[in-house]
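Single-structure report; data block below.
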Amino acid sequence: MLEDYLGKKVVVKVDRPLGSRHPIYNYIYPLNYGYIPGTIAADGEEIDAYILGESISLDEYEGSVIGIIHRKNDVEDKLIVSNNVYSLEEIQKLVHFQEQYFDTEIIMTKDSL
């Protein structure tokens, strides 16, 4: 369960660095985005993760899982990884570029499940 990742340290392999172009939808990533190697998500691929708080393009990042984006109309939930603290509203703004196309809720603590 993704909820088990909340508060845990993870290493994210970045496959869509800050400033890169999405291969299909042609938008530019305003943050680093990648996956957790060795994991399997509901879509059969590795678990995806947004990296917040880094202003340069990265290849890899180690940080804590500060939240989960649960997509109510898609099988692919996302982790939110950072070494900083963000409010719910700040996270919503930072991931809006991609999450605006989905019906989502952001889970930030196990208590919010």
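Every chain in the structure tokens has a letter given in the order shown (A, B, ...), and although residue numbers restart at 1 in each chain, ligands are simply numbered from 1 in the order shown.
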Problem - Residues within 12 Å of A:Glu89, only C-alpha atoms, excluding chain neighbours under 6 positions, as a VMD selection string - result: chain A and resid 95 to 96 105 to 106 108
Create the file for the chosen residues now, containing all heavy atoms and written as an mmCIF file, in the first residue's frame.
```cif
data_model
loop_
_atom_site.group_PDB
_atom_site.id
_atom_site.type_symbol
_atom_site.label_atom_id
_atom_site.label_comp_id
_atom_site.auth_asym_id
_atom_site.auth_seq_id
_atom_site.Cartn_x
_atom_site.Cartn_y
_atom_site.Cartn_z
ATOM 1 N N VAL A 95 1.793 20.606 -8.417
ATOM 2 C CA VAL A 95 1.509 19.437 -9.265
ATOM 3 C C VAL A 95 0.344 19.674 -10.221
ATOM 4 O O VAL A 95 -0.004 18.800 -11.008
ATOM 5 C CB VAL A 95 1.271 18.165 -8.425
ATOM 6 C CG1 VAL A 95 2.496 17.843 -7.587
ATOM 7 C CG2 VAL A 95 0.026 18.278 -7.570
ATOM 8 N N HIS A 96 -0.218 20.861 -10.195
ATOM 9 C CA HIS A 96 -1.390 21.184 -11.027
ATOM 10 C C HIS A 96 -1.126 20.983 -12.515
ATOM 11 O O HIS A 96 -2.019 20.570 -13.263
ATOM 12 C CB HIS A 96 -1.841 22.620 -10.757
ATOM 13 C CG HIS A 96 -3.020 23.038 -11.577
ATOM 14 N ND1 HIS A 96 -4.297 22.621 -11.290
ATOM 15 C CD2 HIS A 96 -3.109 23.808 -12.680
ATOM 16 C CE1 HIS A 96 -5.132 23.124 -12.189
ATOM 17 N NE2 HIS A 96 -4.429 23.852 -13.043
ATOM 18 N N GLU A 105 -7.102 13.518 -4.867
ATOM 19 C CA GLU A 105 -7.029 13.987 -3.485
ATOM 20 C C GLU A 105 -5.602 13.763 -3.030
ATOM 21 O O GLU A 105 -4.937 12.826 -3.475
ATOM 22 C CB GLU A 105 -8.023 13.265 -2.574
ATOM 23 C CG GLU A 105 -7.703 11.812 -2.331
ATOM 24 C CD GLU A 105 -8.669 11.140 -1.371
ATOM 25 O OE1 GLU A 105 -9.120 11.782 -0.409
ATOM 26 O OE2 GLU A 105 -8.973 9.963 -1.596
ATOM 27 N N ILE A 106 -5.123 14.650 -2.164
ATOM 28 C CA ILE A 106 -3.761 14.540 -1.653
ATOM 29 C C ILE A 106 -3.828 14.076 -0.203
ATOM 30 O O ILE A 106 -4.503 14.689 0.625
ATOM 31 C CB ILE A 106 -3.010 15.877 -1.775
ATOM 32 C CG1 ILE A 106 -2.883 16.251 -3.260
ATOM 33 C CG2 ILE A 106 -1.632 15.781 -1.121
ATOM 34 C CD1 ILE A 106 -2.276 17.598 -3.522
ATOM 35 N N MET A 108 -1.745 13.383 3.141
ATOM 36 C CA MET A 108 -0.467 13.815 3.717
ATOM 37 C C MET A 108 -0.121 13.110 5.013
ATOM 38 O O MET A 108 1.041 13.155 5.431
ATOM 39 C CB MET A 108 -0.486 15.325 3.918
ATOM 40 C CG MET A 108 -0.584 16.053 2.584
ATOM 41 S SD MET A 108 -0.621 17.840 2.729
ATOM 42 C CE MET A 108 1.023 18.192 3.319
#
```
Handout entry: Near-A:Arg21 list (12 Å; only C-alpha atoms; drop same-chain fewer than 6 positions) as a PyMOL selection string
Key = chain A and resi 15+27-33
Convert the current residue selection to file output with all heavy atoms, as a PDB file, in the first residue's frame.
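Done, and the output landed in selection11.pdb:
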```
ATOM      1  N   ASP A  15      13.386  10.351 -14.360  1.00  0.00           N
ATOM      2  CA  ASP A  15      13.366  10.114 -15.803  1.00  0.00           C
ATOM      3  C   ASP A  15      12.740  11.278 -16.566  1.00  0.00           C
ATOM      4  O   ASP A  15      12.786  11.312 -17.798  1.00  0.00           O
ATOM      5  CB  ASP A  15      12.672   8.798 -16.146  1.00  0.00           C
ATOM      6  CG  ASP A  15      11.240   8.707 -15.676  1.00  0.00           C
ATOM      7  OD1 ASP A  15      10.768   9.597 -14.949  1.00  0.00           O
ATOM      8  OD2 ASP A  15      10.572   7.713 -16.027  1.00  0.00           O
ATOM      9  N   TYR A  27       4.074  19.036 -22.782  1.00  0.00           N
ATOM     10  CA  TYR A  27       4.260  20.105 -21.809  1.00  0.00           C
ATOM     11  C   TYR A  27       5.636  19.984 -21.167  1.00  0.00           C
ATOM     12  O   TYR A  27       6.286  18.948 -21.256  1.00  0.00           O
ATOM     13  CB  TYR A  27       3.144  20.151 -20.762  1.00  0.00           C
ATOM     14  CG  TYR A  27       2.929  18.872 -19.976  1.00  0.00           C
ATOM     15  CD1 TYR A  27       3.769  18.511 -18.939  1.00  0.00           C
ATOM     16  CD2 TYR A  27       1.855  18.033 -20.265  1.00  0.00           C
ATOM     17  CE1 TYR A  27       3.563  17.349 -18.220  1.00  0.00           C
ATOM     18  CE2 TYR A  27       1.643  16.875 -19.555  1.00  0.00           C
ATOM     19  CZ  TYR A  27       2.502  16.535 -18.527  1.00  0.00           C
ATOM     20  OH  TYR A  27       2.305  15.376 -17.832  1.00  0.00           O
ATOM     21  N   ILE A  28       6.084  21.062 -20.551  1.00  0.00           N
ATOM     22  CA  ILE A  28       7.391  21.109 -19.900  1.00  0.00           C
ATOM     23  C   ILE A  28       7.218  20.828 -18.407  1.00  0.00           C
ATOM     24  O   ILE A  28       6.342  21.397 -17.755  1.00  0.00           O
ATOM     25  CB  ILE A  28       8.041  22.507 -20.084  1.00  0.00           C
ATOM     26  CG1 ILE A  28       8.156  22.855 -21.570  1.00  0.00           C
ATOM     27  CG2 ILE A  28       9.393  22.577 -19.379  1.00  0.00           C
ATOM     28  CD1 ILE A  28       9.099  21.990 -22.353  1.00  0.00           C
ATOM     29  N   TYR A  29       8.066  19.965 -17.870  1.00  0.00           N
ATOM     30  CA  TYR A  29       8.003  19.647 -16.438  1.00  0.00           C
ATOM     31  C   TYR A  29       8.577  20.797 -15.618  1.00  0.00           C
ATOM     32  O   TYR A  29       9.754  21.136 -15.764  1.00  0.00           O
ATOM     33  CB  TYR A  29       8.777  18.357 -16.141  1.00  0.00           C
ATOM     34  CG  TYR A  29       7.967  17.131 -16.435  1.00  0.00           C
ATOM     35  CD1 TYR A  29       7.937  16.595 -17.718  1.00  0.00           C
ATOM     36  CD2 TYR A  29       7.198  16.525 -15.453  1.00  0.00           C
ATOM     37  CE1 TYR A  29       7.168  15.477 -18.010  1.00  0.00           C
ATOM     38  CE2 TYR A  29       6.444  15.411 -15.736  1.00  0.00           C
ATOM     39  CZ  TYR A  29       6.425  14.896 -17.007  1.00  0.00           C
ATOM     40  OH  TYR A  29       5.658  13.794 -17.296  1.00  0.00           O
ATOM     41  N   PRO A  30       7.764  21.381 -14.717  1.00  0.00           N
ATOM     42  CA  PRO A  30       8.239  22.468 -13.868  1.00  0.00           C
ATOM     43  C   PRO A  30       8.925  21.960 -12.592  1.00  0.00           C
ATOM     44  O   PRO A  30       9.276  22.745 -11.719  1.00  0.00           O
ATOM     45  CB  PRO A  30       6.951  23.227 -13.531  1.00  0.00           C
ATOM     46  CG  PRO A  30       5.899  22.170 -13.527  1.00  0.00           C
ATOM     47  CD  PRO A  30       6.313  21.187 -14.603  1.00  0.00           C
ATOM     48  N   LEU A  31       9.075  20.641 -12.491  1.00  0.00           N
ATOM     49  CA  LEU A  31       9.743  20.018 -11.347  1.00  0.00           C
ATOM     50  C   LEU A  31      10.339  18.699 -11.816  1.00  0.00           C
ATOM     51  O   LEU A  31      10.114  18.265 -12.941  1.00  0.00           O
ATOM     52  CB  LEU A  31       8.768  19.814 -10.182  1.00  0.00           C
ATOM     53  CG  LEU A  31       7.386  19.203 -10.459  1.00  0.00           C
ATOM     54  CD1 LEU A  31       7.446  17.737 -10.811  1.00  0.00           C
ATOM     55  CD2 LEU A  31       6.497  19.420  -9.249  1.00  0.00           C
ATOM     56  N   ASN A  32      11.118  18.069 -10.972  1.00  0.00           N
ATOM     57  CA  ASN A  32      11.682  16.760 -11.283  1.00  0.00           C
ATOM     58  C   ASN A  32      10.650  15.680 -10.977  1.00  0.00           C
ATOM     59  O   ASN A  32       9.913  15.771  -9.983  1.00  0.00           O
ATOM     60  CB  ASN A  32      12.945  16.524 -10.450  1.00  0.00           C
ATOM     61  CG  ASN A  32      14.095  17.395 -10.884  1.00  0.00           C
ATOM     62  OD1 ASN A  32      14.721  17.146 -11.893  1.00  0.00           O
ATOM     63  ND2 ASN A  32      14.367  18.451 -10.112  1.00  0.00           N
ATOM     64  N   TYR A  33      10.605  14.660 -11.840  1.00  0.00           N
ATOM     65  CA  TYR A  33       9.596  13.611 -11.740  1.00  0.00           C
ATOM     66  C   TYR A  33      10.269  12.291 -12.087  1.00  0.00           C
ATOM     67  O   TYR A  33      11.077  12.219 -13.013  1.00  0.00           O
ATOM     68  CB  TYR A  33       8.484  13.930 -12.732  1.00  0.00           C
ATOM     69  CG  TYR A  33       7.339  12.960 -12.804  1.00  0.00           C
ATOM     70  CD1 TYR A  33       6.284  13.038 -11.911  1.00  0.00           C
ATOM     71  CD2 TYR A  33       7.303  11.993 -13.789  1.00  0.00           C
ATOM     72  CE1 TYR A  33       5.213  12.173 -12.007  1.00  0.00           C
ATOM     73  CE2 TYR A  33       6.234  11.124 -13.894  1.00  0.00           C
ATOM     74  CZ  TYR A  33       5.193  11.218 -12.995  1.00  0.00           C
ATOM     75  OH  TYR A  33       4.127  10.361 -13.089  1.00  0.00           O
TER      76      TYR A  33
END
```
Could you list, with a cut-off of 9 Å and counting only C-alpha atoms, the residues of stretch 84-113 of chain A near stretch 57-80 of chain A, each shown with its nearest atom pair and the distance in Å rounded to one decimal, rows sorted by chain and ascending number, as JSON lines?
```
{"residue": "A:Asn84", "atom": "CA", "partner": "A:Ile66", "partner_atom": "CA", "distance": 8.6}
{"residue": "A:Val85", "atom": "CA", "partner": "A:Ile66", "partner_atom": "CA", "distance": 7.8}
{"residue": "A:Tyr86", "atom": "CA", "partner": "A:Ile66", "partner_atom": "CA", "distance": 8.3}
{"residue": "A:Ile91", "atom": "CA", "partner": "A:Ile80", "partner_atom": "CA", "distance": 8.5}
{"residue": "A:Glu99", "atom": "CA", "partner": "A:Arg71", "partner_atom": "CA", "distance": 8.5}
{"residue": "A:Phe102", "atom": "CA", "partner": "A:Arg71", "partner_atom": "CA", "distance": 6.4}
{"residue": "A:Asp103", "atom": "CA", "partner": "A:Lys72", "partner_atom": "CA", "distance": 5.5}
{"residue": "A:Thr104", "atom": "CA", "partner": "A:Arg71", "partner_atom": "CA", "distance": 4.4}
{"residue": "A:Glu105", "atom": "CA", "partner": "A:His70", "partner_atom": "CA", "distance": 5.3}
{"residue": "A:Ile106", "atom": "CA", "partner": "A:Ile69", "partner_atom": "CA", "distance": 4.6}
{"residue": "A:Ile107", "atom": "CA", "partner": "A:Ile68", "partner_atom": "CA", "distance": 5.1}
{"residue": "A:Met108", "atom": "CA", "partner": "A:Gly67", "partner_atom": "CA", "distance": 4.2}
{"residue": "A:Thr109", "atom": "CA", "partner": "A:Gly67", "partner_atom": "CA", "distance": 7.1}
```
May I have the residues within 12 Å of A:Asn26 as a compact mmCIF listing (two decimals) with all heavy atoms, in the first residue's frame, using only C-alpha atoms and disregarding those fewer than 6 positions away in the same chain?
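So part-v8.txt came out as:
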```
# COMPACT_ATOMS: atom_id res chain seq x y z
N GLY A 19 12.38 20.92 -16.50
CA GLY A 19 12.64 21.54 -17.78
C GLY A 19 12.52 20.63 -18.98
O GLY A 19 12.59 21.08 -20.12
N SER A 20 12.33 19.32 -18.74
CA SER A 20 12.19 18.40 -19.87
C SER A 20 10.77 18.43 -20.41
O SER A 20 9.84 18.87 -19.76
CB SER A 20 12.58 16.98 -19.45
OG SER A 20 11.68 16.46 -18.48
N PHE A 97 0.09 21.23 -12.97
CA PHE A 97 0.42 21.12 -14.40
C PHE A 97 0.02 19.76 -14.97
O PHE A 97 -0.34 19.66 -16.14
CB PHE A 97 1.92 21.38 -14.64
CG PHE A 97 2.81 20.23 -14.22
CD1 PHE A 97 3.27 19.32 -15.15
CD2 PHE A 97 3.18 20.07 -12.89
CE1 PHE A 97 4.09 18.26 -14.77
CE2 PHE A 97 3.99 19.03 -12.50
CZ PHE A 97 4.45 18.11 -13.44
N GLN A 98 0.07 18.73 -14.15
CA GLN A 98 -0.28 17.38 -14.62
C GLN A 98 -1.57 16.87 -13.98
O GLN A 98 -2.38 16.23 -14.65
CB GLN A 98 0.87 16.41 -14.35
CG GLN A 98 0.64 15.01 -14.87
CD GLN A 98 1.92 14.22 -14.94
OE1 GLN A 98 2.48 14.07 -16.00
NE2 GLN A 98 2.38 13.70 -13.80
```
Residues of chain A in alpha helix (DSSP H) according to DSSP, as a PDB file with C-alpha atoms, in the first residue's frame?
```pdb
ATOM      1  CA  LEU A  88      -1.714  21.070   0.967  1.00  0.00           C
ATOM      2  CA  GLU A  89      -2.340  24.212  -1.085  1.00  0.00           C
ATOM      3  CA  GLU A  90       1.331  24.533  -2.054  1.00  0.00           C
ATOM      4  CA  ILE A  91       1.450  20.914  -3.208  1.00  0.00           C
ATOM      5  CA  GLN A  92      -1.745  21.352  -5.231  1.00  0.00           C
ATOM      6  CA  LYS A  93      -0.234  24.336  -7.057  1.00  0.00           C
ATOM      7  CA  LEU A  94       3.085  22.572  -7.740  1.00  0.00           C
ATOM      8  CA  VAL A  95       1.509  19.437  -9.265  1.00  0.00           C
ATOM      9  CA  HIS A  96      -1.390  21.184 -11.027  1.00  0.00           C
ATOM     10  CA  PHE A  97       0.420  21.124 -14.405  1.00  0.00           C
ATOM     11  CA  GLN A  98      -0.281  17.382 -14.625  1.00  0.00           C
ATOM     12  CA  GLU A  99      -2.911  16.607 -11.992  1.00  0.00           C
TER      13      GLU A  99
END
```
Problem - Point-to-point distance in Å for atom CA of A:Glu3 and atom CA of A:Gly44 - result: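 These atoms are spaced 17.8 Å apart.
Between atom CA of A:Gly38 and atom CA of A:Asn83 the separation is 21.6 Å.
Reported to one decimal place, the separation of atom CA of A:Pro23 from atom CA of A:Glu54 is 21.8 Å.
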Exercise for the section: Run DSSP on the backbone of this structure and report the residues of chain A it assigns to strand (DSSP E or B), as a ChimeraX atom specification. Expected result: /A:9-16,21,28,32-36,47-51,60-71,78-82,104-107
